[in-house]
$ cat coords_33.csv   # CSV, C-alpha atoms
chain,number,residue,atom,x,y,z
L,1,MET,CA,124.2,130.3,59.6
L,2,THR,CA,127.8,129.0,59.9
L,3,ASN,CA,129.1,126.3,57.7
L,4,GLU,CA,129.6,124.1,60.8
L,5,ASN,CA,125.9,124.5,61.8
L,6,SER,CA,124.8,123.9,58.2
L,7,GLY,CA,126.9,120.7,58.0
L,8,LEU,CA,125.6,119.6,61.4
L,9,ARG,CA,122.0,119.9,60.2
L,10,SER,CA,122.8,118.2,56.9
L,11,ARG,CA,124.3,115.2,58.8
L,12,ALA,CA,121.3,115.0,61.1
L,13,ARG,CA,118.9,115.1,58.2
L,14,ARG,CA,120.9,112.5,56.3
L,15,ASP,CA,121.0,110.2,59.3
L,16,PHE,CA,117.3,110.6,59.9
L,17,LEU,CA,116.4,109.8,56.2
L,18,CYS,CA,118.5,106.6,56.4
L,19,LEU,CA,116.7,105.6,59.6
L,20,ALA,CA,113.3,106.6,58.2
L,21,ALA,CA,114.0,104.4,55.1
L,22,ALA,CA,114.8,101.5,57.4
L,23,VAL,CA,111.6,102.0,59.4
L,24,ALA,CA,109.5,102.2,56.2
L,25,ALA,CA,111.1,99.1,54.6
L,26,PRO,CA,108.6,96.8,52.9
L,27,SER,CA,107.3,93.7,54.6
L,28,VAL,CA,108.9,90.3,53.9
L,29,GLY,CA,108.2,86.8,54.9
L,30,GLY,CA,104.4,87.2,55.1
L,31,ALA,CA,103.4,83.8,56.5
L,32,ARG,CA,106.0,84.0,59.2
L,33,GLU,CA,105.0,87.5,60.2
L,34,GLN,CA,101.4,86.5,60.7
L,35,SER,CA,102.2,84.2,63.5
L,36,TYR,CA,104.7,86.5,65.2
L,37,PRO,CA,105.8,85.8,67.9
L,38,ALA,CA,105.6,82.0,67.6
L,39,ARG,CA,108.3,81.4,70.2
L,40,PRO,CA,110.1,83.2,73.1
L,41,ILE,CA,111.9,86.5,72.4
L,42,LYS,CA,115.4,87.4,73.7
L,43,LEU,CA,115.9,90.9,75.0
L,44,ILE,CA,119.6,91.7,75.2
L,45,VAL,CA,120.6,94.3,77.8
L,46,PRO,CA,124.1,95.8,77.5
L,47,TYR,CA,124.3,96.4,81.3
L,48,PRO,CA,125.1,94.1,84.2
L,49,PRO,CA,122.4,92.5,86.3
L,50,GLY,CA,121.0,94.5,89.2
L,51,GLY,CA,121.6,98.0,87.7
L,52,GLY,CA,119.1,100.6,86.6
L,53,GLY,CA,119.1,99.4,83.0
L,54,ASP,CA,118.5,95.8,84.0
L,55,SER,CA,115.5,96.7,86.2
L,56,ILE,CA,114.0,98.7,83.3
L,57,ALA,CA,114.5,95.7,81.0
L,58,ARG,CA,112.9,93.3,83.3
L,59,ALA,CA,109.9,95.5,83.9
L,60,LEU,CA,109.6,96.0,80.1
L,61,ALA,CA,110.0,92.3,79.4
L,62,GLU,CA,107.3,91.3,81.9
L,63,ARG,CA,104.7,93.7,80.6
L,64,LEU,CA,105.5,93.0,76.9
L,65,ALA,CA,105.3,89.3,77.4
L,66,GLU,CA,101.7,89.7,78.6
L,67,ASP,CA,100.7,91.5,75.3
L,68,LEU,CA,102.7,89.3,73.0
L,69,GLN,CA,101.7,86.0,74.7
L,70,GLN,CA,105.3,84.7,74.6
L,71,PRO,CA,108.1,84.8,77.2
L,72,ILE,CA,110.7,87.5,76.9
L,73,ILE,CA,114.1,86.4,78.2
L,74,VAL,CA,116.4,89.1,79.5
L,75,ASP,CA,120.0,88.4,78.5
L,76,ASN,CA,122.6,90.7,80.1
L,77,ARG,CA,125.7,91.4,77.9
L,78,PRO,CA,127.6,94.2,79.6
L,79,GLY,CA,130.9,95.6,78.6
L,80,ALA,CA,132.6,98.2,76.4
L,81,ASN,CA,130.1,101.0,76.9
L,82,GLY,CA,127.3,98.8,75.6
L,83,VAL,CA,129.1,97.8,72.4
L,84,ILE,CA,129.2,94.1,73.3
L,85,GLY,CA,125.5,93.7,73.7
L,86,ALA,CA,124.6,95.9,70.7
L,87,THR,CA,127.0,94.0,68.5
L,88,ALA,CA,125.4,90.7,69.5
L,89,VAL,CA,122.0,92.0,68.4
L,90,ALA,CA,123.3,93.5,65.1
L,91,ARG,CA,124.8,90.1,64.2
L,92,SER,CA,121.8,88.0,65.2
L,93,PRO,CA,119.2,86.7,62.6
L,94,ALA,CA,116.9,89.4,61.3
L,95,ASP,CA,113.8,87.8,62.5
L,96,ALA,CA,112.8,90.1,65.4
L,97,TYR,CA,113.4,87.4,68.0
L,98,THR,CA,116.5,89.1,69.4
L,99,LEU,CA,115.9,92.7,70.6
L,100,LEU,CA,118.1,95.3,72.1
L,101,LEU,CA,117.3,97.7,74.9
L,102,ALA,CA,119.7,100.6,74.3
L,103,THR,CA,120.4,104.1,75.6
L,104,ASP,CA,121.1,107.2,73.7
L,105,HIS,CA,124.7,106.7,74.7
L,106,GLN,CA,125.1,103.5,72.7
L,107,MET,CA,123.1,104.8,69.7
L,108,ALA,CA,124.1,108.5,69.6
L,109,VAL,CA,127.3,109.1,71.6
L,110,ASN,CA,129.4,106.0,71.0
L,111,PRO,CA,129.4,106.5,67.2
L,112,ASN,CA,131.3,109.8,67.8
L,113,LEU,CA,133.9,108.0,70.0
L,114,PHE,CA,134.7,104.7,68.4
L,115,ILE,CA,136.3,104.3,65.0
L,116,ASN,CA,134.9,100.8,64.6
L,117,MET,CA,132.2,99.5,67.0
L,118,GLY,CA,131.4,96.4,65.0
L,119,PHE,CA,128.0,97.9,64.2
L,120,ASP,CA,126.4,101.1,63.0
L,121,PRO,CA,123.2,102.3,64.8
L,122,ILE,CA,121.7,103.6,61.7
L,123,ARG,CA,122.7,100.9,59.2
L,124,ASP,CA,122.2,97.8,61.5
L,125,PHE,CA,119.1,98.6,63.7
L,126,ALA,CA,115.4,99.2,63.2
L,127,PRO,CA,114.0,101.5,65.9
L,128,ILE,CA,110.8,100.2,67.5
L,129,GLY,CA,110.1,102.9,69.9
L,130,GLN,CA,111.2,104.8,73.0
L,131,VAL,CA,110.6,103.3,76.4
L,132,ALA,CA,111.6,105.9,78.9
L,133,ARG,CA,113.7,109.0,79.5
L,134,PHE,CA,115.4,110.6,82.5
L,135,PRO,CA,117.3,113.8,83.4
L,136,PHE,CA,120.3,114.1,85.6
L,137,VAL,CA,120.5,115.9,89.0
L,138,LEU,CA,123.2,118.4,89.7
L,139,THR,CA,124.3,117.6,93.2
L,140,VAL,CA,126.9,119.0,95.7
L,141,PRO,CA,128.0,117.9,99.1
L,142,THR,CA,125.8,118.9,102.1
L,143,SER,CA,128.8,120.8,103.5
L,144,SER,CA,129.2,122.9,100.3
L,145,PRO,CA,128.5,126.6,100.6
L,146,VAL,CA,126.8,126.3,97.2
L,147,HIS,CA,123.0,126.3,97.4
L,148,ASP,CA,121.8,127.0,93.9
L,149,VAL,CA,123.2,127.1,90.3
L,150,ALA,CA,124.1,130.8,90.6
L,151,SER,CA,126.2,130.3,93.7
L,152,LEU,CA,127.9,127.3,92.1
L,153,VAL,CA,128.9,129.4,89.2
L,154,ARG,CA,130.3,132.2,91.5
L,155,HIS,CA,132.1,129.6,93.7
L,156,ALA,CA,133.7,127.9,90.6
L,157,LYS,CA,134.7,131.2,89.0
L,158,GLU,CA,136.4,132.3,92.2
L,159,ARG,CA,138.4,129.0,92.2
L,160,PRO,CA,139.3,128.3,88.6
L,161,GLY,CA,140.8,124.8,88.2
L,162,GLN,CA,140.0,123.9,91.8
L,163,VAL,CA,136.4,122.6,91.6
L,164,ASN,CA,136.4,118.8,91.0
L,165,ASN,CA,133.6,117.5,88.8
L,166,ALA,CA,132.9,113.7,89.3
L,167,THR,CA,131.6,111.6,86.4
L,168,VAL,CA,131.2,108.0,85.6
L,169,GLY,CA,133.8,108.1,82.8
L,170,ILE,CA,135.1,110.1,79.8
L,171,ALA,CA,132.3,111.1,77.4
L,172,SER,CA,129.6,109.6,79.7
L,173,GLN,CA,126.3,111.5,79.8
L,174,PRO,CA,127.2,113.1,83.2
L,175,HIS,CA,130.5,114.2,81.7
L,176,LEU,CA,128.9,115.7,78.6
L,177,ALA,CA,126.2,117.4,80.7
L,178,ALA,CA,128.9,118.9,82.9
L,179,GLU,CA,131.1,120.0,80.0
L,180,MET,CA,128.1,121.7,78.3
L,181,PHE,CA,127.2,123.5,81.5
L,182,ALA,CA,130.9,124.6,82.1
L,183,GLN,CA,131.2,125.9,78.5
L,184,ARG,CA,128.0,127.9,78.8
L,185,ALA,CA,128.9,129.3,82.3
L,186,GLY,CA,132.6,129.9,81.4
L,187,LEU,CA,133.9,127.6,84.1
L,188,SER,CA,137.2,125.7,84.4
L,189,LEU,CA,136.3,122.4,86.1
L,190,VAL,CA,138.6,119.5,86.9
L,191,HIS,CA,137.2,116.3,85.5
L,192,ILE,CA,137.5,113.3,87.9
L,193,PRO,CA,136.2,110.1,86.2
L,194,TYR,CA,135.1,107.1,88.2
L,195,LYS,CA,134.2,103.5,87.3
L,196,GLY,CA,130.6,103.9,88.3
L,197,MET,CA,128.1,106.1,90.0
L,198,SER,CA,128.5,104.6,93.5
L,199,PRO,CA,132.2,105.5,94.1
L,200,ALA,CA,131.6,109.0,92.6
L,201,ILE,CA,128.8,109.5,95.1
L,202,THR,CA,130.9,108.3,98.0
L,203,ASP,CA,133.6,110.8,97.2
L,204,LEU,CA,131.0,113.6,96.7
L,205,ILE,CA,129.5,112.9,100.1
L,206,GLY,CA,133.1,113.0,101.6
L,207,GLY,CA,133.9,116.3,99.8
L,208,GLN,CA,136.7,114.9,97.7
L,209,VAL,CA,134.8,116.2,94.6
L,210,GLN,CA,132.5,119.2,94.6
L,211,MET,CA,129.8,118.4,92.1
L,212,LEU,CA,128.2,115.6,90.2
L,213,PHE,CA,125.5,115.2,87.5
L,214,ALA,CA,123.9,112.0,88.9
L,215,THR,CA,121.0,109.7,88.0
L,216,VAL,CA,117.9,110.4,90.0
L,217,SER,CA,117.6,106.9,91.4
L,218,ALA,CA,121.2,106.9,92.7
L,219,VAL,CA,120.9,110.2,94.7
L,220,GLU,CA,117.2,110.7,95.6
L,221,PRO,CA,117.4,108.9,98.9
L,222,LEU,CA,120.6,110.7,99.8
L,223,ILE,CA,119.0,114.0,99.0
L,224,ARG,CA,115.9,113.3,101.1
L,225,SER,CA,118.1,112.2,104.0
L,226,GLY,CA,120.2,115.3,103.8
L,227,ARG,CA,123.5,113.6,102.8
L,228,LEU,CA,123.6,115.5,99.5
L,229,LYS,CA,122.1,118.7,98.1
L,230,ALA,CA,120.4,118.9,94.8
L,231,ILE,CA,120.5,122.3,93.0
L,232,ALA,CA,119.1,121.6,89.5
L,233,VAL,CA,117.8,118.9,87.2
L,234,THR,CA,118.7,118.8,83.5
L,235,GLY,CA,115.2,118.0,82.2
L,236,LEU,CA,112.5,120.2,80.7
L,237,GLN,CA,110.5,120.1,83.8
L,238,ARG,CA,110.8,119.4,87.5
L,239,LEU,CA,110.8,115.9,88.8
L,240,GLN,CA,107.9,114.3,90.7
L,241,LEU,CA,110.5,112.8,93.1
L,242,LEU,CA,112.2,116.2,93.7
L,243,PRO,CA,109.6,118.8,93.2
L,244,ASP,CA,111.5,121.5,95.0
L,245,VAL,CA,114.6,121.3,92.7
L,246,PRO,CA,114.5,123.7,89.8
L,247,THR,CA,115.5,122.9,86.2
L,248,LEU,CA,118.7,124.4,84.7
L,249,ALA,CA,116.4,126.6,82.5
L,250,GLU,CA,114.7,127.9,85.6
L,251,SER,CA,118.2,128.7,86.9
L,252,GLY,CA,119.0,130.8,83.9
L,253,PHE,CA,120.6,128.2,81.7
L,254,TYR,CA,118.3,127.7,78.8
L,255,GLY,CA,119.0,125.1,76.0
L,256,LEU,CA,121.1,122.9,78.3
L,257,GLU,CA,118.5,120.1,78.6
L,258,VAL,CA,120.0,116.7,78.8
L,259,GLN,CA,117.5,113.8,78.8
L,260,ALA,CA,119.0,110.3,78.5
L,261,TRP,CA,116.7,107.7,77.0
L,262,TYR,CA,116.0,104.0,76.6
L,263,GLY,CA,114.8,102.6,73.3
L,264,LEU,CA,113.8,99.2,71.9
L,265,PHE,CA,115.6,98.1,68.7
L,266,ALA,CA,115.7,95.0,66.4
L,267,PRO,CA,118.0,94.0,63.6
L,268,VAL,CA,117.4,96.3,60.6
L,269,ALA,CA,116.1,93.6,58.1
L,270,SER,CA,113.5,92.1,60.5
L,271,PRO,CA,110.1,91.6,58.9
L,272,GLN,CA,108.0,94.8,59.0
L,273,GLY,CA,104.9,92.9,60.2
L,274,SER,CA,106.9,91.7,63.2
L,275,LEU,CA,108.2,95.1,63.9
L,276,ASP,CA,104.7,96.5,63.7
L,277,SER,CA,103.5,93.9,66.2
L,278,LEU,CA,106.3,94.9,68.6
L,279,ALA,CA,105.6,98.6,68.2
L,280,PHE,CA,101.9,98.1,69.0
L,281,ALA,CA,102.7,96.0,72.1
L,282,LEU,CA,105.4,98.5,73.2
L,283,ARG,CA,103.0,101.4,73.0
L,284,LYS,CA,100.5,99.6,75.2
L,285,THR,CA,103.3,98.7,77.7
L,286,VAL,CA,104.8,102.2,77.9
L,287,THR,CA,101.4,103.8,78.5
L,288,ASP,CA,100.3,101.2,81.0
L,289,ARG,CA,99.7,102.7,84.4
L,290,ARG,CA,101.7,100.0,86.2
L,291,PHE,CA,104.7,100.5,84.0
L,292,VAL,CA,104.4,104.3,84.3
L,293,ARG,CA,104.5,103.9,88.1
L,294,GLN,CA,107.4,101.5,88.0
L,295,MET,CA,109.4,104.0,85.9
L,296,ALA,CA,108.4,106.9,88.1
L,297,SER,CA,109.6,105.1,91.2
L,298,GLN,CA,113.1,105.0,89.6
L,299,GLY,CA,113.1,108.7,88.6
L,300,LEU,CA,112.3,107.9,85.0
L,301,GLU,CA,109.5,109.1,82.8
L,302,ALA,CA,107.8,106.3,80.8
L,303,ARG,CA,107.5,107.9,77.4
L,304,HIS,CA,106.4,106.5,74.1
L,305,ILE,CA,107.5,107.8,70.8
L,306,ASP,CA,107.2,105.8,67.6
L,307,SER,CA,109.9,104.4,65.4
L,308,THR,CA,110.0,107.4,63.0
L,309,SER,CA,110.3,109.9,65.9
L,310,LEU,CA,113.0,107.8,67.6
L,311,ALA,CA,114.9,107.7,64.3
L,312,ALA,CA,114.8,111.5,64.2
L,313,LEU,CA,115.9,111.8,67.8
L,314,MET,CA,118.8,109.4,67.3
L,315,ALA,CA,120.0,111.5,64.3
L,316,SER,CA,119.7,114.8,66.1
L,317,ASP,CA,121.3,113.5,69.3
L,318,ARG,CA,124.2,112.0,67.3
L,319,ALA,CA,124.9,115.4,65.7
L,320,ARG,CA,124.5,117.3,69.0
L,321,TRP,CA,126.9,115.1,71.0
L,322,GLY,CA,129.3,114.8,68.1
L,323,GLU,CA,129.7,118.5,68.0
L,324,LEU,CA,130.4,118.6,71.7
L,325,VAL,CA,132.8,115.6,71.6
L,326,ARG,CA,134.8,117.4,68.9
L,327,LYS,CA,135.0,120.6,70.9
L,328,MET,CA,136.2,118.6,73.9
L,329,GLY,CA,138.9,117.1,71.8
L,330,ILE,CA,138.1,113.5,72.8
L,331,LYS,CA,139.9,111.2,70.4
L,332,GLN,CA,138.2,108.3,68.8
L,333,GLU,CA,139.3,104.9,70.1
$ encode --input "coords_33.csv" --output "structure tokens"
Amino acid sequence: MTNENSGLRSRARRDFLCLAAAVAAPSVGGAREQSYPARPIKLIVPYPPGGGGDSIARALAERLAEDLQQPIIVDNRPGANGVIGATAVARSPADAYTLLLATDHQMAVNPNLFINMGFDPIRDFAPIGQVARFPFVLTVPTSSPVHDVASLVRHAKERPGQVNNATVGIASQPHLAAEMFAQRAGLSLVHIPYKGMSPAITDLIGGQVQMLFATVSAVEPLIRSGRLKAIAVTGLQRLQLLPDVPTLAESGFYGLEVQAWYGLFAPVASPQGSLDSLAFALRKTVTDRRFVRQMASQGLEARHIDSTSLAALMASDRARWGELVRKMGIKQE
């Protein structure tokens, strides 16, 4: 084992132990916990209204409110790669009445990019549980001669520095997925960052860029209509919405699974009894058939893991993406 890998595992273990300690913190404020929730709960979403994250938050809020018997108000706080919304929750009273719906990017990637985010995912948040996860779809223009991963690799190797890879920004999940793939395949891709998935897809359709790791919901209708070709998915298994599209592992690239996820969090010092109530309700919500169908219609897998498992996932993802970010030479901001 190399010193670098040993250090990586040590950091992941240290981060997990810190989170596990927060999860297992003793209960406080007994009488107050017994009546939780006694008033409406605010769910801060660090994404703009109308997007994928917003729709997930509203579906989650509706179903959780039924179990908790209190309204859950969705509050959109977009900006700065999710930092604005997360900071608002970190600085809110630790009473479990202000929650955060966050992705792995906010909780595991951003800490490797920003010197000072205004919060620390491990120190300032108590994980409640995972809500959903989703892979990305490796897509190419319909006009492309590429028809599978093997032909993409051959095509790119024959044209080093000439294949444009679209992403939704530097160190975004699609960028990290593409870089990990390029490193494994020995490719030299040109990174073309966009300010969102829609303009990236527009240029992909037009042939200005030659590949894109896209969200399922954004490209599934275009794939079905023949305006784009899908050649692989980054998950562990094929998607219900795209059953004919193989995984990267099936295409010969094992260990390159990229599954983005959404999780529910509260300020770290929130009463344990309140967190337990939320965790119980969240498990019911995520395993509810209606919610499962809602997520599946958007290309997501409703998936529950508990607070301890989410803490471990955060720690391992933070170490994994941190190693890649350093290899890519992305400077902290």
$ closest_residue --input "coords_33.csv" --among "L:Arg123, L:Lys229, L:His175, L:Arg91" --to "Leu138 of chain L" --atoms "all atoms listed in the file"
L:Lys229
$ closest_residue --input "coords_33.csv" --among "L:Val209, L:Val140, L:Leu313, L:Ala150" --to "Leu228 of chain L" --atoms "all atoms listed in the file"
L:Val140
$ closest_atom_pairs --input "coords_33.csv" --of "segment 158-259 of chain L" --to "segment 320-328 of chain L" --cutoff "12 Å" --atoms "only C-alpha atoms" --output "CSV"
residue,atom,partner,partner_atom,distance
L:Ile170,CA,L:Val325,CA,10.1
L:Ala171,CA,L:Val325,CA,7.4
L:Ser172,CA,L:Val325,CA,10.6
L:Gln173,CA,L:Trp321,CA,9.5
L:His175,CA,L:Val325,CA,10.5
L:Leu176,CA,L:Leu324,CA,7.6
L:Ala177,CA,L:Trp321,CA,10.0
L:Ala178,CA,L:Leu324,CA,11.3
L:Glu179,CA,L:Met328,CA,8.1
L:Met180,CA,L:Leu324,CA,7.6
L:Phe181,CA,L:Leu324,CA,11.4
L:Ala182,CA,L:Met328,CA,11.5
L:Gln183,CA,L:Met328,CA,10.0
L:Arg184,CA,L:Leu324,CA,11.9
L:His191,CA,L:Met328,CA,11.9
L:Gly255,CA,L:Arg320,CA,11.8
L:Leu256,CA,L:Arg320,CA,11.4
L:Glu257,CA,L:Arg320,CA,11.7
L:Val258,CA,L:Trp321,CA,10.5
$ residues_near_point --input "coords_33.csv" --point "(120.2, 98.4, 67.0)" --cutoff "12 Å" --atoms "all atoms listed in the file" --output "ChimeraX atom specification"
/L:19,22,43-46,82-92,94,96,98-104,106-108,118-129,262-270,310-311,314
$ closest_residue --input "coords_33.csv" --among "L:Leu236, L:Ile205, L:Ile115, L:Asn165" --to "Pro141 of chain L" --atoms "all atoms listed in the file"
L:Ile205
$ atom_distance --input "coords_33.csv" --atom1 "atom CA of Phe134 of chain L" --atom2 "atom CA of Leu300 of chain L"
4.8 Å
$ closest_residue --input "coords_33.csv" --among "L:Ser198, L:Ser143, L:Ser297, L:Asn164" --to "Met211 of chain L" --atoms "all atoms listed in the file"
L:Asn164
$ atom_distance --input "coords_33.csv" --atom1 "atom CA of Arg77 of chain L" --atom2 "atom CA of Leu275 of chain L"
22.7 Å
$ residues_around --input "coords_33.csv" --residues "Pro160 of chain L" --least-positions-apart "4" --cutoff "8 Å" --atoms "all atoms listed in the file" --output "list in words"
Ala156, Leu187, Ser188 and Leu189 of chain L
$ atom_distance --input "coords_33.csv" --atom1 "atom CA of Gln130 of chain L" --atom2 "atom CA of Arg303 of chain L"
6.5 Å
$ residues_near_point --input "coords_33.csv" --point "(109.9, 122.1, 84.1)" --cutoff "10 Å" --atoms "only C-alpha atoms" --output "PyMOL selection string"
chain L and resi 233-239+243+245-250
$ closest_residue --input "coords_33.csv" --among "L:Pro193, L:Arg318, L:Pro135, L:Ala281" --to "Gln70 of chain L" --atoms "only C-alpha atoms"
L:Ala281
$ decode --input "coords_33.csv" --residues "segment 299-311 of chain L" --atoms "N, CA and C atoms" --output "mmCIF file, in the first residue's frame"
data_model
loop_
_atom_site.group_PDB
_atom_site.id
_atom_site.type_symbol
_atom_site.label_atom_id
_atom_site.label_comp_id
_atom_site.auth_asym_id
_atom_site.auth_seq_id
_atom_site.Cartn_x
_atom_site.Cartn_y
_atom_site.Cartn_z
ATOM 1 N N GLY L 299 -35.473 9.582 -13.282
ATOM 2 C CA GLY L 299 -34.196 8.901 -13.474
ATOM 3 C C GLY L 299 -33.401 8.732 -12.197
ATOM 4 N N LEU L 300 -34.065 8.815 -11.050
ATOM 5 C CA LEU L 300 -33.389 8.652 -9.770
ATOM 6 C C LEU L 300 -33.858 7.383 -9.084
ATOM 7 N N GLU L 301 -33.011 6.874 -8.223
ATOM 8 C CA GLU L 301 -33.366 5.729 -7.393
ATOM 9 C C GLU L 301 -33.603 6.222 -5.974
ATOM 10 N N ALA L 302 -34.847 6.101 -5.504
ATOM 11 C CA ALA L 302 -35.124 6.415 -4.105
ATOM 12 C C ALA L 302 -34.390 5.369 -3.268
ATOM 13 N N ARG L 303 -33.525 5.832 -2.402
ATOM 14 C CA ARG L 303 -32.677 4.879 -1.675
ATOM 15 C C ARG L 303 -32.418 5.385 -0.260
ATOM 16 N N HIS L 304 -32.818 4.599 0.703
ATOM 17 C CA HIS L 304 -32.614 4.997 2.085
ATOM 18 C C HIS L 304 -31.366 4.328 2.654
ATOM 19 N N ILE L 305 -30.477 5.136 3.220
ATOM 20 C CA ILE L 305 -29.456 4.624 4.127
ATOM 21 C C ILE L 305 -29.491 5.494 5.368
ATOM 22 N N ASP L 306 -29.170 4.931 6.517
ATOM 23 C CA ASP L 306 -29.328 5.661 7.771
ATOM 24 C C ASP L 306 -28.205 6.668 7.985
ATOM 25 N N SER L 307 -28.282 7.364 9.103
ATOM 26 C CA SER L 307 -27.348 8.469 9.368
ATOM 27 C C SER L 307 -25.905 7.992 9.459
ATOM 28 N N THR L 308 -25.679 6.842 10.090
ATOM 29 C CA THR L 308 -24.318 6.340 10.229
ATOM 30 C C THR L 308 -23.738 5.954 8.872
ATOM 31 N N SER L 309 -24.541 5.303 8.053
ATOM 32 C CA SER L 309 -24.078 4.908 6.718
ATOM 33 C C SER L 309 -23.836 6.127 5.834
ATOM 34 N N LEU L 310 -24.685 7.148 5.977
ATOM 35 C CA LEU L 310 -24.488 8.369 5.201
ATOM 36 C C LEU L 310 -23.210 9.078 5.648
ATOM 37 N N ALA L 311 -22.938 9.053 6.946
ATOM 38 C CA ALA L 311 -21.693 9.643 7.440
ATOM 39 C C ALA L 311 -20.486 8.954 6.828
#
